[in-house]
>>> print(open('upload16.cif').read())   # mmCIF, C-alpha atoms
data_query
loop_
_atom_site.label_atom_id
_atom_site.label_comp_id
_atom_site.auth_asym_id
_atom_site.auth_seq_id
_atom_site.Cartn_x
_atom_site.Cartn_y
_atom_site.Cartn_z
CA MET A 1 108.97 105.59 84.57
CA PRO A 2 107.48 102.48 82.89
CA LYS A 3 106.61 99.49 85.07
CA ASN A 4 109.28 96.82 84.88
CA SER A 5 107.03 93.86 85.45
CA GLU A 6 109.10 91.53 83.25
CA VAL A 7 112.19 91.77 85.43
CA SER A 8 112.84 88.79 87.71
CA MET A 9 112.92 89.30 91.46
CA SER A 10 116.48 87.98 91.65
CA VAL A 11 117.64 90.83 89.40
CA VAL A 12 115.58 93.35 91.38
CA ARG A 13 117.14 92.14 94.62
CA ARG A 14 120.62 92.81 93.23
CA LEU A 15 119.81 96.40 92.20
CA PRO A 16 120.28 97.93 95.68
CA ARG A 17 123.76 96.44 95.75
CA TYR A 18 124.60 98.05 92.40
CA TYR A 19 123.20 101.30 93.70
CA ARG A 20 125.36 101.16 96.84
CA PHE A 21 128.58 100.31 95.01
CA LEU A 22 127.99 102.94 92.34
CA GLY A 23 127.29 105.49 95.09
CA GLU A 24 130.68 104.76 96.57
CA LEU A 25 132.43 105.06 93.24
CA LEU A 26 130.74 108.44 92.85
CA ARG A 27 131.97 109.55 96.25
CA THR A 28 135.53 108.54 95.38
CA GLY A 29 135.35 110.41 92.07
CA VAL A 30 135.30 107.43 89.68
CA GLU A 31 133.58 108.49 86.44
CA ARG A 32 133.42 105.28 84.47
CA ILE A 33 133.88 101.60 85.15
CA SER A 34 133.90 98.39 83.13
CA SER A 35 131.76 95.39 84.01
CA ARG A 36 135.02 93.57 84.76
CA GLU A 37 136.19 96.18 87.30
CA LEU A 38 132.73 96.30 88.84
CA SER A 39 132.75 92.51 89.11
CA VAL A 40 135.98 92.57 91.17
CA LEU A 41 134.46 95.16 93.55
CA MET A 42 131.09 93.50 93.93
CA GLY A 43 131.85 89.80 93.72
CA PHE A 44 129.40 89.23 90.83
CA THR A 45 130.73 87.95 87.49
CA ALA A 46 131.14 90.49 84.68
CA SER A 47 128.66 88.62 82.51
CA GLN A 48 126.12 88.61 85.37
CA ILE A 49 126.50 92.36 85.64
CA ARG A 50 126.05 92.89 81.88
CA GLN A 51 122.98 90.62 81.91
CA ASP A 52 121.42 92.34 84.93
CA LEU A 53 121.83 95.83 83.54
CA ASN A 54 120.61 94.74 80.10
CA CYS A 55 117.21 93.95 81.69
CA PHE A 56 116.67 97.68 81.92
CA GLY A 57 117.93 98.59 78.48
CA GLY A 58 121.70 98.33 78.96
CA PHE A 59 123.82 101.27 79.98
CA GLY A 60 127.29 100.22 78.88
CA GLN A 61 129.26 101.03 75.77
CA GLN A 62 131.72 98.51 74.35
CA GLY A 63 135.26 99.64 75.10
CA TYR A 64 134.10 102.44 77.41
CA GLY A 65 132.23 100.70 80.21
CA TYR A 66 129.54 102.33 82.30
CA ASN A 67 129.19 106.01 83.06
CA VAL A 68 128.96 105.93 86.87
CA VAL A 69 126.87 109.10 87.35
CA TYR A 70 124.42 108.07 84.68
CA LEU A 71 124.09 104.47 85.82
CA HIS A 72 123.67 105.45 89.50
CA GLU A 73 120.96 107.91 88.56
CA ALA A 74 119.27 105.41 86.24
CA ILE A 75 119.14 102.73 88.96
CA SER A 76 117.72 105.23 91.43
CA LYS A 77 114.94 105.90 88.92
CA ILE A 78 114.37 102.20 88.29
CA LEU A 79 114.13 101.61 92.04
CA GLY A 80 111.61 104.45 92.17
CA PHE A 81 113.32 106.78 94.66
CA ASP A 82 111.74 109.78 92.95
CA ASN A 83 108.18 108.60 93.74
CA THR A 84 107.78 109.30 97.43
CA GLN A 85 105.62 106.85 99.39
CA GLU A 86 103.94 108.26 102.50
CA THR A 87 104.93 105.84 105.23
CA ILE A 88 103.89 105.01 108.79
CA LEU A 89 105.72 103.06 111.47
CA ILE A 90 103.71 100.71 113.69
CA GLY A 91 105.49 99.96 116.96
CA ALA A 92 107.94 102.36 118.63
CA GLY A 93 109.73 99.92 120.91
CA ASN A 94 113.48 99.29 120.71
CA LEU A 95 113.40 97.91 117.21
CA GLY A 96 110.97 100.51 115.85
CA ARG A 97 113.03 103.31 117.38
CA ALA A 98 116.23 101.95 115.86
CA ILE A 99 114.63 101.60 112.43
CA ALA A 100 113.16 105.11 112.56
CA THR A 101 116.43 106.65 113.72
CA TYR A 102 118.82 104.64 111.59
CA THR A 103 117.07 104.58 108.23
CA ASP A 104 117.49 107.14 105.46
CA PHE A 105 113.84 107.14 104.36
CA LYS A 106 113.96 110.31 102.28
CA GLY A 107 116.83 109.09 100.15
CA ARG A 108 115.02 105.83 99.45
CA GLY A 109 111.66 107.05 98.25
CA PHE A 110 109.83 107.01 101.59
CA ASN A 111 108.49 109.83 103.74
CA LEU A 112 107.85 108.86 107.36
CA ILE A 113 104.73 110.77 108.35
CA GLY A 114 103.42 108.90 111.40
CA VAL A 115 104.51 106.61 114.23
CA PHE A 116 101.98 104.57 116.23
CA ASP A 117 102.10 102.55 119.42
CA ASN A 118 99.65 101.37 122.07
CA ASN A 119 101.98 101.92 125.05
CA PRO A 120 100.95 105.03 127.06
CA ALA A 121 104.56 105.41 128.25
CA ILE A 122 105.71 105.90 124.65
CA ILE A 123 102.76 107.80 123.15
CA GLY A 124 103.62 111.49 122.83
CA GLN A 125 107.38 110.93 122.59
CA ARG A 126 109.18 112.49 119.64
CA LEU A 127 110.70 110.08 117.13
CA SER A 128 112.27 110.96 113.78
CA ASN A 129 110.22 114.17 113.39
CA CYS A 130 106.93 112.49 114.37
CA ASP A 131 105.02 112.37 117.64
CA VAL A 132 104.29 108.79 118.65
CA THR A 133 100.50 108.55 118.31
CA ASP A 134 97.98 106.23 119.96
CA ILE A 135 97.22 103.32 117.62
CA ALA A 136 93.53 104.04 118.29
CA GLU A 137 93.93 107.09 116.04
CA LEU A 138 95.21 105.02 113.10
CA GLU A 139 91.96 105.18 111.10
CA ASP A 140 91.56 108.94 111.39
CA PHE A 141 95.19 109.53 110.50
CA CYS A 142 95.11 107.30 107.43
CA LYS A 143 91.88 108.84 106.15
CA GLU A 144 93.50 112.26 106.38
CA HIS A 145 97.05 111.50 105.17
CA HIS A 146 96.68 108.41 102.91
CA PRO A 147 99.92 106.57 103.69
CA THR A 148 100.70 103.70 101.29
CA VAL A 149 103.48 101.90 103.17
CA ALA A 150 103.66 100.58 106.75
CA ILE A 151 106.73 99.48 108.69
CA VAL A 152 105.63 96.77 111.11
CA CYS A 153 107.73 96.53 114.29
CA VAL A 154 105.25 94.83 116.63
CA PRO A 155 105.05 91.23 117.87
CA LYS A 156 103.41 88.55 115.74
CA THR A 157 99.98 88.58 117.39
CA ALA A 158 99.71 92.36 117.15
CA ALA A 159 100.82 92.25 113.51
CA GLU A 160 98.16 89.63 112.80
CA GLN A 161 95.48 91.85 114.31
CA LEU A 162 96.68 94.97 112.50
CA ALA A 163 97.46 93.69 108.99
CA GLY A 164 93.84 93.56 107.77
CA ARG A 165 93.13 97.01 109.23
CA LEU A 166 96.16 98.45 107.45
CA VAL A 167 95.28 96.85 104.10
CA GLU A 168 91.76 98.25 104.40
CA LEU A 169 93.15 101.69 105.16
CA GLY A 170 95.04 101.70 101.86
CA ILE A 171 98.45 100.31 102.83
CA LYS A 172 99.93 98.55 99.79
CA GLY A 173 103.49 97.91 100.91
CA PHE A 174 104.81 96.45 104.16
CA TRP A 175 108.34 96.49 105.55
CA ASN A 176 107.67 93.66 107.95
CA PHE A 177 109.90 92.96 110.95
CA SER A 178 107.29 90.81 112.70
CA HIS A 179 107.01 87.05 112.35
CA TYR A 180 103.47 87.30 111.06
CA ASP A 181 103.40 86.29 107.40
CA ILE A 182 101.27 89.11 105.96
CA SER A 183 101.31 87.79 102.39
CA LEU A 184 99.74 84.43 103.31
CA LYS A 185 96.38 86.14 103.89
CA TYR A 186 96.77 89.40 101.95
CA LYS A 187 98.00 88.21 98.55
CA GLN A 188 97.79 91.62 96.90
CA ALA A 189 100.07 93.31 99.45
CA VAL A 190 103.74 93.86 98.65
CA VAL A 191 105.69 92.57 101.63
CA GLU A 192 109.42 92.76 102.31
CA ASN A 193 110.21 90.67 105.36
CA VAL A 194 113.19 91.23 107.63
CA HIS A 195 113.37 88.15 109.82
CA LEU A 196 116.29 89.00 112.08
CA SER A 197 115.99 85.86 114.17
CA ASP A 198 115.94 83.63 111.07
CA SER A 199 119.19 85.22 109.98
CA LEU A 200 120.69 84.59 113.43
CA MET A 201 119.56 80.94 113.40
CA THR A 202 121.12 80.47 109.97
CA LEU A 203 124.36 81.94 111.31
CA CYS A 204 124.22 79.45 114.18
CA TYR A 205 123.92 76.54 111.75
CA ARG A 206 126.71 77.83 109.53
CA VAL A 207 129.14 78.57 112.37
CA ASN A 208 128.59 75.03 113.61
CA ASN A 209 128.85 73.38 110.20
CA GLU A 210 131.16 75.48 108.04
CA THR A 211 133.99 76.29 110.45
CA GLU A 212 136.68 74.04 111.86
CA MET B 1 126.07 66.35 116.18
CA PRO B 2 127.51 65.39 112.77
CA LYS B 3 128.33 68.17 110.33
CA ASN B 4 125.66 68.51 107.65
CA SER B 5 127.94 69.78 104.92
CA GLU B 6 125.93 68.12 102.15
CA VAL B 7 122.80 70.16 102.81
CA SER B 8 122.17 73.03 100.40
CA MET B 9 122.02 76.58 101.74
CA SER B 10 118.48 77.02 100.41
CA VAL B 11 117.31 74.17 102.69
CA VAL B 12 119.31 75.58 105.61
CA ARG B 13 117.71 79.00 105.12
CA ARG B 14 114.24 77.43 105.41
CA LEU B 15 115.01 75.65 108.70
CA PRO B 16 114.47 78.70 110.96
CA ARG B 17 111.02 79.05 109.46
CA TYR B 18 110.21 75.41 110.26
CA TYR B 19 111.55 75.97 113.76
CA ARG B 20 109.33 79.04 114.28
CA PHE B 21 106.16 77.40 112.99
CA LEU B 22 106.75 74.21 114.97
CA GLY B 23 107.39 76.32 118.07
CA GLU B 24 103.98 77.90 117.64
CA LEU B 25 102.28 74.55 117.16
CA LEU B 26 103.93 73.44 120.40
CA ARG B 27 102.63 76.50 122.23
CA THR B 28 99.10 75.82 120.98
CA GLY B 29 99.32 72.18 122.07
CA VAL B 30 99.45 70.50 118.64
CA GLU B 31 101.22 67.15 118.98
CA ARG B 32 101.45 65.94 115.42
CA ILE B 33 101.02 67.40 111.97
CA SER B 34 101.08 66.15 108.39
CA SER B 35 103.23 67.70 105.70
CA ARG B 36 99.99 68.79 104.03
CA GLU B 37 98.74 70.66 107.13
CA LEU B 38 102.17 72.20 107.64
CA SER B 39 102.18 73.31 104.00
CA VAL B 40 98.93 75.26 104.47
CA LEU B 41 100.36 77.02 107.54
CA MET B 42 103.76 77.80 106.08
CA GLY B 43 103.05 78.42 102.41
CA PHE B 44 105.55 75.76 101.25
CA THR B 45 104.29 72.78 99.22
CA ALA B 46 103.89 69.47 101.08
CA SER B 47 106.44 67.81 98.82
CA GLN B 48 108.92 70.61 99.47
CA ILE B 49 108.50 70.05 103.20
CA ARG B 50 109.01 66.29 102.90
CA GLN B 51 112.09 66.84 100.73
CA ASP B 52 113.58 69.43 103.10
CA LEU B 53 113.16 67.31 106.19
CA ASN B 54 114.46 64.21 104.38
CA CYS B 55 117.82 65.97 104.01
CA PHE B 56 118.32 65.38 107.71
CA GLY B 57 117.10 61.80 107.80
CA GLY B 58 113.33 62.32 107.61
CA PHE B 59 111.18 62.60 110.68
CA GLY B 60 107.75 61.72 109.36
CA GLN B 61 105.84 58.46 109.40
CA GLN B 62 103.42 57.60 106.59
CA GLY B 63 99.85 58.05 107.80
CA TYR B 64 100.93 59.66 111.07
CA GLY B 65 102.77 62.80 110.03
CA TYR B 66 105.39 64.53 112.12
CA ASN B 67 105.69 64.46 115.89
CA VAL B 68 105.86 68.19 116.66
CA VAL B 69 107.89 67.99 119.88
CA TYR B 70 110.40 65.63 118.34
CA LEU B 71 110.75 67.56 115.08
CA HIS B 72 111.09 70.93 116.86
CA GLU B 73 113.80 69.51 119.10
CA ALA B 74 115.55 67.83 116.16
CA ILE B 75 115.66 71.07 114.16
CA SER B 76 117.01 72.95 117.17
CA LYS B 77 119.85 70.38 117.31
CA ILE B 78 120.46 70.61 113.55
CA LEU B 79 120.65 74.40 113.82
CA GLY B 80 123.11 73.94 116.67
CA PHE B 81 121.35 75.81 119.47
CA ASP B 82 122.92 73.49 122.04
CA ASN B 83 126.49 74.58 121.11
CA THR B 84 126.83 78.02 122.64
CA GLN B 85 128.98 80.51 120.72
CA GLU B 86 130.59 83.25 122.80
CA THR B 87 129.58 86.44 121.03
CA ILE B 88 130.58 90.10 121.02
CA LEU B 89 128.74 93.13 119.69
CA ILE B 90 130.73 95.84 117.93
CA GLY B 91 128.90 99.17 117.91
CA ALA B 92 126.41 100.22 120.57
CA GLY B 93 124.61 102.97 118.66
CA ASN B 94 120.88 102.88 117.94
CA LEU B 95 121.02 99.76 115.83
CA GLY B 96 123.44 97.89 118.10
CA ARG B 97 121.33 98.74 121.15
CA ALA B 98 118.16 97.52 119.43
CA ILE B 99 119.82 94.28 118.35
CA ALA B 100 121.24 93.66 121.82
CA THR B 101 117.94 94.40 123.53
CA TYR B 102 115.61 92.73 121.07
CA THR B 103 117.41 89.50 120.28
CA ASP B 104 117.00 86.22 122.16
CA PHE B 105 120.65 85.19 121.95
CA LYS B 106 120.56 82.46 124.61
CA GLY B 107 117.73 80.59 122.90
CA ARG B 108 119.57 80.68 119.57
CA GLY B 109 122.96 79.27 120.55
CA PHE B 110 124.72 82.57 121.29
CA ASN B 111 126.00 84.05 124.54
CA LEU B 112 126.58 87.81 124.40
CA ILE B 113 129.68 88.39 126.54
CA GLY B 114 130.96 91.79 125.42
CA VAL B 115 129.85 95.04 123.79
CA PHE B 116 132.37 97.47 122.28
CA ASP B 117 132.23 101.03 121.02
CA ASN B 118 134.65 103.92 120.49
CA ASN B 119 132.28 106.67 121.65
CA PRO B 120 133.24 107.96 125.14
CA ALA B 121 129.60 108.98 125.73
CA ILE B 122 128.50 105.35 125.39
CA ILE B 123 131.46 103.51 126.95
CA GLY B 124 130.55 102.37 130.46
CA GLN B 125 126.81 102.21 129.81
CA ARG B 126 125.04 98.97 130.64
CA LEU B 127 123.57 97.02 127.71
CA SER B 128 122.05 93.55 127.81
CA ASN B 129 124.07 92.49 130.88
CA CYS B 130 127.34 93.86 129.50
CA ASP B 131 129.22 97.09 130.15
CA VAL B 132 129.97 98.88 126.90
CA THR B 133 133.77 98.65 126.65
CA ASP B 134 136.30 100.79 124.81
CA ILE B 135 137.12 99.18 121.46
CA ALA B 136 140.80 99.72 122.36
CA GLU B 137 140.39 96.85 124.83
CA LEU B 138 139.18 94.42 122.14
CA GLU B 139 142.46 92.49 121.89
CA ASP B 140 142.82 91.94 125.64
CA PHE B 141 139.19 90.90 125.95
CA CYS B 142 139.34 88.39 123.09
CA LYS B 143 142.58 86.84 124.36
CA GLU B 144 140.92 86.26 127.73
CA HIS B 145 137.40 85.23 126.67
CA HIS B 146 137.84 83.74 123.16
CA PRO B 147 134.62 84.86 121.48
CA THR B 148 133.90 83.14 118.15
CA VAL B 149 131.11 85.32 116.77
CA ALA B 150 130.89 89.10 116.26
CA ILE B 151 127.80 91.21 115.56
CA VAL B 152 128.90 94.17 113.48
CA CYS B 153 126.75 97.30 113.92
CA VAL B 154 129.21 99.98 112.83
CA PRO B 155 129.44 102.01 109.59
CA LYS B 156 131.15 100.55 106.53
CA THR B 157 134.55 102.20 106.97
CA ALA B 158 134.77 101.13 110.63
CA ALA B 159 133.74 97.59 109.69
CA GLU B 160 136.43 97.51 107.01
CA GLN B 161 139.07 98.54 109.56
CA LEU B 162 137.85 96.06 112.18
CA ALA B 163 137.15 92.91 110.14
CA GLY B 164 140.77 91.79 109.81
CA ARG B 165 141.43 92.47 113.51
CA LEU B 166 138.40 90.35 114.45
CA VAL B 167 139.36 87.46 112.17
CA GLU B 168 142.85 87.49 113.65
CA LEU B 169 141.41 87.44 117.16
CA GLY B 170 139.57 84.20 116.40
CA ILE B 171 136.16 85.41 115.21
CA LYS B 172 134.76 82.82 112.80
CA GLY B 173 131.18 84.00 112.38
CA PHE B 174 129.83 87.49 111.65
CA TRP B 175 126.29 88.80 111.93
CA ASN B 176 126.96 91.77 109.71
CA PHE B 177 124.69 94.81 109.67
CA SER B 178 127.28 97.01 108.00
CA HIS B 179 127.62 97.52 104.26
CA TYR B 180 131.18 96.26 104.27
CA ASP B 181 131.31 92.93 102.47
CA ILE B 182 133.43 90.92 104.94
CA SER B 183 133.48 87.73 102.86
CA LEU B 184 135.06 89.39 99.81
CA LYS B 185 138.39 89.61 101.66
CA TYR B 186 137.98 86.99 104.39
CA LYS B 187 136.85 83.95 102.45
CA GLN B 188 137.02 81.58 105.42
CA ALA B 189 134.69 83.66 107.60
CA VAL B 190 131.02 82.70 107.90
CA VAL B 191 129.04 85.88 107.28
CA GLU B 192 125.30 86.45 107.55
CA ASN B 193 124.48 89.87 106.19
CA VAL B 194 121.46 91.91 107.19
CA HIS B 195 121.27 94.73 104.68
CA LEU B 196 118.33 96.72 105.96
CA SER B 197 118.64 99.46 103.37
CA ASP B 198 118.76 96.93 100.49
CA SER B 199 115.51 95.48 101.76
CA LEU B 200 113.95 98.95 101.88
CA MET B 201 115.14 99.75 98.35
CA THR B 202 113.63 96.49 97.09
CA LEU B 203 110.35 97.44 98.77
CA CYS B 204 110.48 100.78 96.98
CA TYR B 205 110.85 99.07 93.61
CA ARG B 206 108.09 96.58 94.32
CA VAL B 207 105.59 99.15 95.64
CA ASN B 208 106.18 101.17 92.48
CA ASN B 209 105.99 98.21 90.10
CA GLU B 210 103.69 95.61 91.63
CA THR B 211 100.82 97.72 92.91
CA GLU B 212 98.12 99.56 90.97
#
>>> encode(input="upload16.cif", output="structure tokens")
Amino acid sequence: MPKNSEVSMSVVRRLPRYYRFLGELLRTGVERISSRELSVLMGFTASQIRQDLNCFGGFGQQGYGYNVVYLHEAISKILGFDNTQETILIGAGNLGRAIATYTDFKGRGFNLIGVFDNNPAIIGQRLSNCDVTDIAELEDFCKEHHPTVAIVCVPKTAAEQLAGRLVELGIKGFWNFSHYDISLKYKQAVVENVHLSDSLMTLCYRVNNETE
Amino acid sequence: MPKNSEVSMSVVRRLPRYYRFLGELLRTGVERISSRELSVLMGFTASQIRQDLNCFGGFGQQGYGYNVVYLHEAISKILGFDNTQETILIGAGNLGRAIATYTDFKGRGFNLIGVFDNNPAIIGQRLSNCDVTDIAELEDFCKEHHPTVAIVCVPKTAAEQLAGRLVELGIKGFWNFSHYDISLKYKQAVVENVHLSDSLMTLCYRVNNETE
């Protein structure tokens, strides 16, 4: 798969949505769909959809629309689901446990191979096919198994202490649930932040300002 | 508090970040800060910061900077944390439990008053000061307690079945973790989506395309 470095992040961020909607069409047996029909389902304009998909070469045929199986498969390749990233989870508290249990890693190009915590009450527990391991063993584990992605489910101060260690151990991508801004200091790291409390605060504002 | 309907959503979405960073400055005893210093901490430009805060009347003084206590308090009022929204959680599975346990609702303008599920094995369990209640009792509960916000932690098909019921029962704001797009059908509802799997798929793309 060639690197798509020319594609803007706003297009990239819409791809998972295409992937989800196409997956549902597949499940309901729809074989082809026009950009107009897709636009009604997804709430994007038809011209937006044509533009987005053209970034990757264009998959539609005038008068026919898109072949759902083909487009779904093509987007999965563009997203890189066929290149598995060895992944570790840091922090097996409530949030970490929910993420590990709830997420379909395999189907999304990730393979969860290790879970770490510093809490003796949690270490040794079984979580999503991994034993929760003492964070003190992080270095040995990474030297042996070479994970490239870390999911960070620890508080801000712990994340701050761990980020440099993880980068040094070869972690290139972070799924970051902490409030520590990893990319401020580690510019080369790829960081996807999930700031749940920011989303809740935004909801608070909007409920107070957009409703009667 | 006046309604700030003129403020763009991109400014609103940056406010939680200001609130978090100012909260930390408070905890470390910083009393005032210039837009330039804040820009180094936050990774926004100083002029962006001045522009953002000017949307709400401007809190800085030339040559002095911002008073941290005052600005933190002002942003908390703008976000609406002093207007408590009675809130219910729909779905007490792994994700719902993590959200209920992990989230500081009280400090963010929300009061969690009810948790609902349809799974007999979960109904009756205690979660974040609420008893998990049978979803069949949703109507009675809402008529008595008038919640205005719902946190949706159920699968897409369940969310699709429940959204209309919730809107009819007076729910105006949704913190939506499901893949059902509530705002497509219920245009008047305020919906903040947290699409965890979209974020993971974007990470997959970026790790494959932005790293060596």
>>> residues_around(input="upload16.cif", residues="B:Gly29", least_positions_apart="4", cutoff="10 Å", atoms="all atoms listed in the file", output="PyMOL selection string")
chain B and resi 23-25+68-69
>>> closest_atom_pairs(input="upload16.cif", of="chain B", to="chain A", cutoff="6 Å", atoms="all atoms listed in the file", output="JSON lines")
{"residue": "B:Lys3", "atom": "CA", "partner": "A:Asn209", "partner_atom": "CA", "distance": 5.2}
{"residue": "B:Pro16", "atom": "CA", "partner": "A:Asp198", "partner_atom": "CA", "distance": 5.1}
{"residue": "B:Leu79", "atom": "CA", "partner": "A:Tyr205", "partner_atom": "CA", "distance": 4.4}
{"residue": "B:Gly80", "atom": "CA", "partner": "A:Tyr205", "partner_atom": "CA", "distance": 5.6}
{"residue": "B:Asn94", "atom": "CA", "partner": "A:Ala98", "partner_atom": "CA", "distance": 5.2}
{"residue": "B:Leu95", "atom": "CA", "partner": "A:Ala98", "partner_atom": "CA", "distance": 5.3}
{"residue": "B:Ala98", "atom": "CA", "partner": "A:Asn94", "partner_atom": "CA", "distance": 5.2}
{"residue": "B:Gly173", "atom": "CA", "partner": "A:Val207", "partner_atom": "CA", "distance": 5.8}
{"residue": "B:Glu192", "atom": "CA", "partner": "A:Leu203", "partner_atom": "CA", "distance": 5.9}
{"residue": "B:Asp198", "atom": "CA", "partner": "A:Pro16", "partner_atom": "CA", "distance": 5.1}
{"residue": "B:Leu203", "atom": "CA", "partner": "A:Glu192", "partner_atom": "CA", "distance": 5.9}
{"residue": "B:Tyr205", "atom": "CA", "partner": "A:Leu79", "partner_atom": "CA", "distance": 4.4}
{"residue": "B:Val207", "atom": "CA", "partner": "A:Gly173", "partner_atom": "CA", "distance": 5.8}
{"residue": "B:Asn209", "atom": "CA", "partner": "A:Lys3", "partner_atom": "CA", "distance": 5.2}
>>> residues_around(input="upload16.cif", residues="B:Ser39", least_positions_apart="2", cutoff="12 Å", atoms="only C-alpha atoms", output="MDAnalysis selection string")
(chainID A and resid 184) or (chainID B and resid 17:18 21:22 33:37 41:50)
>>> write_last_selection(input="upload16.cif", atoms="C-alpha atoms", output="mmCIF file, in the frame of the given file")
data_model
loop_
_atom_site.group_PDB
_atom_site.id
_atom_site.type_symbol
_atom_site.label_atom_id
_atom_site.label_comp_id
_atom_site.auth_asym_id
_atom_site.auth_seq_id
_atom_site.Cartn_x
_atom_site.Cartn_y
_atom_site.Cartn_z
ATOM 1 C CA LEU A 184 99.740 84.430 103.310
ATOM 2 C CA ARG B 17 111.020 79.050 109.460
ATOM 3 C CA TYR B 18 110.210 75.410 110.260
ATOM 4 C CA PHE B 21 106.160 77.400 112.990
ATOM 5 C CA LEU B 22 106.750 74.210 114.970
ATOM 6 C CA ILE B 33 101.020 67.400 111.970
ATOM 7 C CA SER B 34 101.080 66.150 108.390
ATOM 8 C CA SER B 35 103.230 67.700 105.700
ATOM 9 C CA ARG B 36 99.990 68.790 104.030
ATOM 10 C CA GLU B 37 98.740 70.660 107.130
ATOM 11 C CA LEU B 41 100.360 77.020 107.540
ATOM 12 C CA MET B 42 103.760 77.800 106.080
ATOM 13 C CA GLY B 43 103.050 78.420 102.410
ATOM 14 C CA PHE B 44 105.550 75.760 101.250
ATOM 15 C CA THR B 45 104.290 72.780 99.220
ATOM 16 C CA ALA B 46 103.890 69.470 101.080
ATOM 17 C CA SER B 47 106.440 67.810 98.820
ATOM 18 C CA GLN B 48 108.920 70.610 99.470
ATOM 19 C CA ILE B 49 108.500 70.050 103.200
ATOM 20 C CA ARG B 50 109.010 66.290 102.900
#
>>> residues_around(input="upload16.cif", residues="stretch 158-165 of chain A", least_positions_apart="5", cutoff="9 Å", atoms="all atoms listed in the file", output="ChimeraX atom specification")
/A:90,139,152-153,170-171,176,178-182,185-186
>>> write_last_selection(input="upload16.cif", atoms="C-alpha atoms", output="PDB file, in the frame of the given file")
ATOM      1  CA  ILE A  90     103.710 100.710 113.690  1.00  0.00           C
ATOM      2  CA  GLU A 139      91.960 105.180 111.100  1.00  0.00           C
ATOM      3  CA  VAL A 152     105.630  96.770 111.110  1.00  0.00           C
ATOM      4  CA  CYS A 153     107.730  96.530 114.290  1.00  0.00           C
ATOM      5  CA  GLY A 170      95.040 101.700 101.860  1.00  0.00           C
ATOM      6  CA  ILE A 171      98.450 100.310 102.830  1.00  0.00           C
ATOM      7  CA  ASN A 176     107.670  93.660 107.950  1.00  0.00           C
ATOM      8  CA  SER A 178     107.290  90.810 112.700  1.00  0.00           C
ATOM      9  CA  HIS A 179     107.010  87.050 112.350  1.00  0.00           C
ATOM     10  CA  TYR A 180     103.470  87.300 111.060  1.00  0.00           C
ATOM     11  CA  ASP A 181     103.400  86.290 107.400  1.00  0.00           C
ATOM     12  CA  ILE A 182     101.270  89.110 105.960  1.00  0.00           C
ATOM     13  CA  LYS A 185      96.380  86.140 103.890  1.00  0.00           C
ATOM     14  CA  TYR A 186      96.770  89.400 101.950  1.00  0.00           C
TER      15      TYR A 186
END
>>> atom_distance(input="upload16.cif", atom1="atom CA of B:Leu89", atom2="atom CA of B:Asp117")
8.7 Å
>>> closest_residue(input="upload16.cif", among="B:Leu53, B:Thr157, B:Gly114, B:Asp140", to="B:Leu127", atoms="all atoms listed in the file")
B:Gly114
>>> atom_distance(input="upload16.cif", atom1="atom CA of A:Ile135", atom2="atom CA of A:Pro155")
14.4 Å
>>> axis_aligned_box(input="upload16.cif", around="stretch 101-108 of chain A", padding_each_side="4 Å", output="lines of an AutoDock Vina configuration file")
center_x = 116.3
center_y = 107.4
center_z = 106.6
size_x = 13.0
size_y = 13.7
size_z = 22.3
>>> atom_distance(input="upload16.cif", atom1="atom CA of B:Arg32", atom2="atom CA of A:Lys156")
22.7 Å
>>> residues_around(input="upload16.cif", residues="B:Glu137", least_positions_apart="3", cutoff="12 Å", atoms="all atoms listed in the file", output="ChimeraX atom specification")
/B:90,114-118,123,132-134,140-144
>>> closest_residue(input="upload16.cif", among="B:Gln61, B:Gln125, B:Gln51, B:Asn119", to="B:Gly91", atoms="only C-alpha atoms")
B:Asn119
>>> closest_residue(input="upload16.cif", among="B:Lys106, B:Glu73, B:Cys55, B:Asp131", to="B:Val7", atoms="all atoms listed in the file")
B:Cys55
>>> closest_residue(input="upload16.cif", among="A:Ile122, A:Leu166, A:Ala150, A:Leu71", to="A:Thr87", atoms="only C-alpha atoms")
A:Ala150
>>> build_atoms(input="upload16.cif", residues="stretch 129-135 of chain B", atoms="N, CA and C atoms", output="short mmCIF file (atom, residue, chain, number, x, y, z; two decimals), keeping the file's coordinate frame")
data_model
loop_
_atom_site.label_atom_id
_atom_site.label_comp_id
_atom_site.auth_asym_id
_atom_site.auth_seq_id
_atom_site.Cartn_x
_atom_site.Cartn_y
_atom_site.Cartn_z
N ASN B 129 123.18 93.16 129.94
CA ASN B 129 124.07 92.49 130.88
C ASN B 129 125.56 92.66 130.62
N CYS B 130 125.92 93.57 129.74
CA CYS B 130 127.34 93.86 129.50
C CYS B 130 127.58 95.35 129.73
N ASP B 131 128.82 95.69 130.15
CA ASP B 131 129.22 97.09 130.15
C ASP B 131 129.82 97.40 128.79
N VAL B 132 129.37 98.50 128.18
CA VAL B 132 129.97 98.88 126.90
C VAL B 132 131.43 99.25 127.15
N THR B 133 132.33 98.57 126.42
CA THR B 133 133.77 98.65 126.65
C THR B 133 134.44 99.39 125.50
N ASP B 134 135.53 100.08 125.83
CA ASP B 134 136.30 100.79 124.81
C ASP B 134 136.85 99.78 123.79
N ILE B 135 136.66 100.08 122.51
CA ILE B 135 137.12 99.18 121.46
C ILE B 135 138.64 98.95 121.54
#
